[in-house]
Amino acid sequence: MTEGRFDALVVDFGGVLTTPLQEAMVRFAAETGIELQDFVRIALGAYSGGDDDLVVSFETGRLSEEEFARDFAARIKEETGRDVDPNGLVERIFSGLRLEEDMLTAVGAVRGAGLKTGLLSNSWGTNLYPRARIDSLFDAIVISGEVGLRKPDPAIFELALDRLSVVAHRSVFVDDHPGHLSAAADVGMTTVLHRSPAETIAELEELLGFALS
């Protein structure tokens, strides 16, 4: 086992282990004829300081995917005048996402060095996670829709740490959302803002003290 400052690495899924969420949303907006700024406003209000009970309820498992898709399609219609088929809507929104293989390799290298690894993700349903790939990479997987909590609630970070049996100050958290990083820092975790795989891997190598590629 590698001795160092940290015992665990915790990472987000969408936008960290995958290509950027924005790219998928650009593609969906173009395919449906919705202005991108309108779709971002409709979909991501809960991530920009607004109240959005629909998204929050879905992300914490209080709404089924079918219920969410129906209500979200109705919201799109109300806001843009565009009719969108609710069937398979979540899958279509994120159909442009691809796994970032370099990030998966890096997580595997961290685990291979003896540190614990955790996935901490706000979910739009649970069908987007490639469980066959990720189950073997992580010691703990915390998905908001399965645990009834969502980032940036401090409780979901505490839950992830508890499941890993590590303390916050010896853990690193990687996310592409500054607000989630702020919440993680408040509970004592070291944070890394993900901009690209190359930048994140370089920062993690510096923090952890060993190569990840």
# chains A, B, ... in the order shown; residues from 1 in each chain; ligands from 1
$ residues_around --residues "Thr126 in chain A" --least-positions-apart "4" --cutoff "10 Å" --atoms "only C-alpha atoms" --output "PyMOL selection string"
chain A and resi 59+61+65+122+130-131+143-146
$ select_by_dssp --residues "range 33-100 of chain A" --states "alpha helix (DSSP H)" --output "mmCIF file with N, CA, C and O atoms, in the first residue's frame"
data_model
loop_
_atom_site.group_PDB
_atom_site.id
_atom_site.type_symbol
_atom_site.label_atom_id
_atom_site.label_comp_id
_atom_site.auth_asym_id
_atom_site.auth_seq_id
_atom_site.Cartn_x
_atom_site.Cartn_y
_atom_site.Cartn_z
ATOM 1 N N LEU A 36 -30.531 26.196 -26.563
ATOM 2 C CA LEU A 36 -29.704 25.618 -25.505
ATOM 3 C C LEU A 36 -29.910 26.342 -24.182
ATOM 4 O O LEU A 36 -30.049 25.693 -23.135
ATOM 5 N N GLN A 37 -29.943 27.677 -24.216
ATOM 6 C CA GLN A 37 -30.084 28.405 -22.955
ATOM 7 C C GLN A 37 -31.415 28.106 -22.287
ATOM 8 O O GLN A 37 -31.513 28.077 -21.057
ATOM 9 N N ASP A 38 -32.444 27.841 -23.095
ATOM 10 C CA ASP A 38 -33.742 27.482 -22.528
ATOM 11 C C ASP A 38 -33.681 26.112 -21.868
ATOM 12 O O ASP A 38 -34.226 25.912 -20.771
ATOM 13 N N PHE A 39 -33.022 25.167 -22.540
ATOM 14 C CA PHE A 39 -32.953 23.828 -21.960
ATOM 15 C C PHE A 39 -32.123 23.821 -20.679
ATOM 16 O O PHE A 39 -32.489 23.156 -19.693
ATOM 17 N N VAL A 40 -31.026 24.551 -20.660
ATOM 18 C CA VAL A 40 -30.198 24.620 -19.452
ATOM 19 C C VAL A 40 -31.006 25.210 -18.301
ATOM 20 O O VAL A 40 -30.959 24.720 -17.159
ATOM 21 N N ARG A 41 -31.757 26.252 -18.586
ATOM 22 C CA ARG A 41 -32.584 26.874 -17.547
ATOM 23 C C ARG A 41 -33.642 25.900 -17.035
ATOM 24 O O ARG A 41 -33.877 25.786 -15.828
ATOM 25 N N ILE A 42 -34.252 25.167 -17.943
ATOM 26 C CA ILE A 42 -35.295 24.213 -17.579
ATOM 27 C C ILE A 42 -34.725 23.057 -16.761
ATOM 28 O O ILE A 42 -35.354 22.590 -15.804
ATOM 29 N N ALA A 43 -33.535 22.595 -17.128
ATOM 30 C CA ALA A 43 -32.985 21.372 -16.536
ATOM 31 C C ALA A 43 -32.127 21.604 -15.307
ATOM 32 O O ALA A 43 -32.087 20.750 -14.412
ATOM 33 N N LEU A 44 -31.432 22.734 -15.255
ATOM 34 C CA LEU A 44 -30.374 22.883 -14.251
ATOM 35 C C LEU A 44 -30.622 23.994 -13.240
ATOM 36 O O LEU A 44 -29.685 24.458 -12.597
ATOM 37 N N ASP A 53 -38.287 21.498 -7.307
ATOM 38 C CA ASP A 53 -38.740 20.306 -6.597
ATOM 39 C C ASP A 53 -38.811 19.097 -7.516
ATOM 40 O O ASP A 53 -38.597 17.964 -7.075
ATOM 41 N N LEU A 54 -39.079 19.324 -8.809
ATOM 42 C CA LEU A 54 -39.155 18.209 -9.744
ATOM 43 C C LEU A 54 -37.816 17.494 -9.850
ATOM 44 O O LEU A 54 -37.732 16.270 -9.692
ATOM 45 N N VAL A 55 -36.755 18.246 -10.124
ATOM 46 C CA VAL A 55 -35.429 17.646 -10.265
ATOM 47 C C VAL A 55 -34.943 17.074 -8.938
ATOM 48 O O VAL A 55 -34.410 15.956 -8.881
ATOM 49 N N VAL A 56 -35.139 17.814 -7.848
ATOM 50 C CA VAL A 56 -34.685 17.335 -6.542
ATOM 51 C C VAL A 56 -35.407 16.046 -6.156
ATOM 52 O O VAL A 56 -34.795 15.096 -5.654
ATOM 53 N N SER A 57 -36.708 15.984 -6.408
ATOM 54 C CA SER A 57 -37.465 14.781 -6.072
ATOM 55 C C SER A 57 -36.993 13.586 -6.896
ATOM 56 O O SER A 57 -36.912 12.454 -6.397
ATOM 57 N N PHE A 58 -36.676 13.823 -8.166
ATOM 58 C CA PHE A 58 -36.173 12.742 -9.006
ATOM 59 C C PHE A 58 -34.795 12.292 -8.553
ATOM 60 O O PHE A 58 -34.525 11.087 -8.425
ATOM 61 N N GLU A 59 -33.924 13.242 -8.283
ATOM 62 C CA GLU A 59 -32.555 12.895 -7.901
ATOM 63 C C GLU A 59 -32.480 12.195 -6.553
ATOM 64 O O GLU A 59 -31.505 11.491 -6.278
ATOM 65 N N GLU A 65 -38.662 7.350 -12.755
ATOM 66 C CA GLU A 65 -38.200 7.935 -14.015
ATOM 67 C C GLU A 65 -39.373 8.245 -14.931
ATOM 68 O O GLU A 65 -39.369 9.269 -15.622
ATOM 69 N N GLU A 66 -40.380 7.394 -14.927
ATOM 70 C CA GLU A 66 -41.555 7.619 -15.772
ATOM 71 C C GLU A 66 -42.303 8.885 -15.344
ATOM 72 O O GLU A 66 -42.728 9.692 -16.191
ATOM 73 N N GLU A 67 -42.479 9.053 -14.039
ATOM 74 C CA GLU A 67 -43.160 10.248 -13.528
ATOM 75 C C GLU A 67 -42.368 11.503 -13.859
ATOM 76 O O GLU A 67 -42.928 12.520 -14.284
ATOM 77 N N PHE A 68 -41.066 11.432 -13.653
ATOM 78 C CA PHE A 68 -40.222 12.588 -13.941
ATOM 79 C C PHE A 68 -40.282 12.938 -15.422
ATOM 80 O O PHE A 68 -40.445 14.111 -15.787
ATOM 81 N N ALA A 69 -40.133 11.940 -16.285
ATOM 82 C CA ALA A 69 -40.115 12.192 -17.726
ATOM 83 C C ALA A 69 -41.420 12.836 -18.184
ATOM 84 O O ALA A 69 -41.414 13.768 -18.996
ATOM 85 N N ARG A 70 -42.534 12.362 -17.654
ATOM 86 C CA ARG A 70 -43.835 12.952 -18.001
ATOM 87 C C ARG A 70 -43.896 14.412 -17.604
ATOM 88 O O ARG A 70 -44.280 15.281 -18.411
ATOM 89 N N ASP A 71 -43.495 14.706 -16.363
ATOM 90 C CA ASP A 71 -43.583 16.084 -15.874
ATOM 91 C C ASP A 71 -42.526 16.976 -16.508
ATOM 92 O O ASP A 71 -42.764 18.170 -16.747
ATOM 93 N N PHE A 72 -41.369 16.419 -16.813
ATOM 94 C CA PHE A 72 -40.306 17.210 -17.424
ATOM 95 C C PHE A 72 -40.669 17.543 -18.873
ATOM 96 O O PHE A 72 -40.416 18.662 -19.344
ATOM 97 N N ALA A 73 -41.259 16.585 -19.579
ATOM 98 C CA ALA A 73 -41.717 16.852 -20.945
ATOM 99 C C ALA A 73 -42.791 17.935 -20.940
ATOM 100 O O ALA A 73 -42.812 18.807 -21.826
ATOM 101 N N ALA A 74 -43.673 17.905 -19.935
ATOM 102 C CA ALA A 74 -44.712 18.941 -19.817
ATOM 103 C C ALA A 74 -44.077 20.295 -19.547
ATOM 104 O O ALA A 74 -44.533 21.328 -20.066
ATOM 105 N N ARG A 75 -43.012 20.314 -18.758
ATOM 106 C CA ARG A 75 -42.311 21.576 -18.480
ATOM 107 C C ARG A 75 -41.676 22.121 -19.758
ATOM 108 O O ARG A 75 -41.741 23.319 -20.026
ATOM 109 N N ILE A 76 -41.044 21.254 -20.533
ATOM 110 C CA ILE A 76 -40.454 21.695 -21.796
ATOM 111 C C ILE A 76 -41.522 22.293 -22.701
ATOM 112 O O ILE A 76 -41.314 23.353 -23.319
ATOM 113 N N LYS A 77 -42.659 21.623 -22.771
ATOM 114 C CA LYS A 77 -43.759 22.125 -23.600
ATOM 115 C C LYS A 77 -44.220 23.500 -23.119
ATOM 116 O O LYS A 77 -44.415 24.429 -23.919
ATOM 117 N N GLU A 78 -44.375 23.642 -21.808
ATOM 118 C CA GLU A 78 -44.847 24.909 -21.243
ATOM 119 C C GLU A 78 -43.854 26.037 -21.477
ATOM 120 O O GLU A 78 -44.237 27.169 -21.784
ATOM 121 N N GLU A 79 -42.569 25.729 -21.363
ATOM 122 C CA GLU A 79 -41.537 26.768 -21.443
ATOM 123 C C GLU A 79 -41.130 27.102 -22.875
ATOM 124 O O GLU A 79 -40.701 28.225 -23.150
ATOM 125 N N THR A 80 -41.214 26.127 -23.775
ATOM 126 C CA THR A 80 -40.679 26.339 -25.128
ATOM 127 C C THR A 80 -41.706 26.124 -26.232
ATOM 128 O O THR A 80 -41.445 26.487 -27.386
ATOM 129 N N LEU A 89 -37.015 9.544 -22.203
ATOM 130 C CA LEU A 89 -36.515 10.918 -22.282
ATOM 131 C C LEU A 89 -35.158 11.085 -21.608
ATOM 132 O O LEU A 89 -34.256 11.713 -22.169
ATOM 133 N N VAL A 90 -34.997 10.538 -20.419
ATOM 134 C CA VAL A 90 -33.724 10.709 -19.705
ATOM 135 C C VAL A 90 -32.588 10.087 -20.495
ATOM 136 O O VAL A 90 -31.513 10.680 -20.658
ATOM 137 N N GLU A 91 -32.823 8.899 -21.020
ATOM 138 C CA GLU A 91 -31.784 8.235 -21.820
ATOM 139 C C GLU A 91 -31.423 9.064 -23.048
ATOM 140 O O GLU A 91 -30.250 9.159 -23.423
ATOM 141 N N ARG A 92 -32.430 9.690 -23.669
ATOM 142 C CA ARG A 92 -32.148 10.503 -24.857
ATOM 143 C C ARG A 92 -31.369 11.766 -24.497
ATOM 144 O O ARG A 92 -30.492 12.195 -25.251
ATOM 145 N N ILE A 93 -31.690 12.369 -23.352
ATOM 146 C CA ILE A 93 -30.965 13.572 -22.940
ATOM 147 C C ILE A 93 -29.470 13.291 -22.810
ATOM 148 O O ILE A 93 -28.625 14.092 -23.227
#
$ atom_distance --atom1 "CA of Thr60 in chain A" --atom2 "CA of Trp124 in chain A"
9.0 Å
$ select_by_dssp --residues "range 74-197 of chain A" --states "strand (DSSP E or B)" --output "VMD selection string"
chain A and resid 99 116 to 121 140 to 143 171 to 175 190 to 193
$ closest_atom_pairs --of "range 135-162 of chain A" --to "range 2-14 of chain A" --cutoff "10 Å" --atoms "only C-alpha atoms" --output "CSV"
residue,atom,partner,partner_atom,distance
A:Phe138,CA,A:Val10,CA,8.9
A:Asp139,CA,A:Ala8,CA,9.7
A:Ala140,CA,A:Val10,CA,9.0
A:Ile141,CA,A:Val10,CA,9.4
A:Val142,CA,A:Asp12,CA,9.7
A:Ile143,CA,A:Phe13,CA,9.5
A:Phe157,CA,A:Val10,CA,9.5
A:Ala160,CA,A:Val10,CA,8.2
A:Leu161,CA,A:Val10,CA,8.8
$ atom_distance --atom1 "CA of Ser165 in chain A" --atom2 "CA of Gly15 in chain A"
25.9 Å
$ residues_around --residues "Asp175 in chain A" --least-positions-apart "4" --cutoff "8 Å" --atoms "only C-alpha atoms" --output "number ranges by chain"
A: 11-12, 15-16, 180-181, 191-194
$ residues_around --residues "Tyr47 in chain A" --least-positions-apart "4" --cutoff "9 Å" --atoms "only C-alpha atoms" --output "list in words"
Ala43, Asp51, His177 and Gly179 of chain A
$ closest_residue --among "A:Met189, A:Ala183, A:Leu120, A:Leu104" --to "Val166 in chain A" --atoms "only C-alpha atoms"
A:Met189
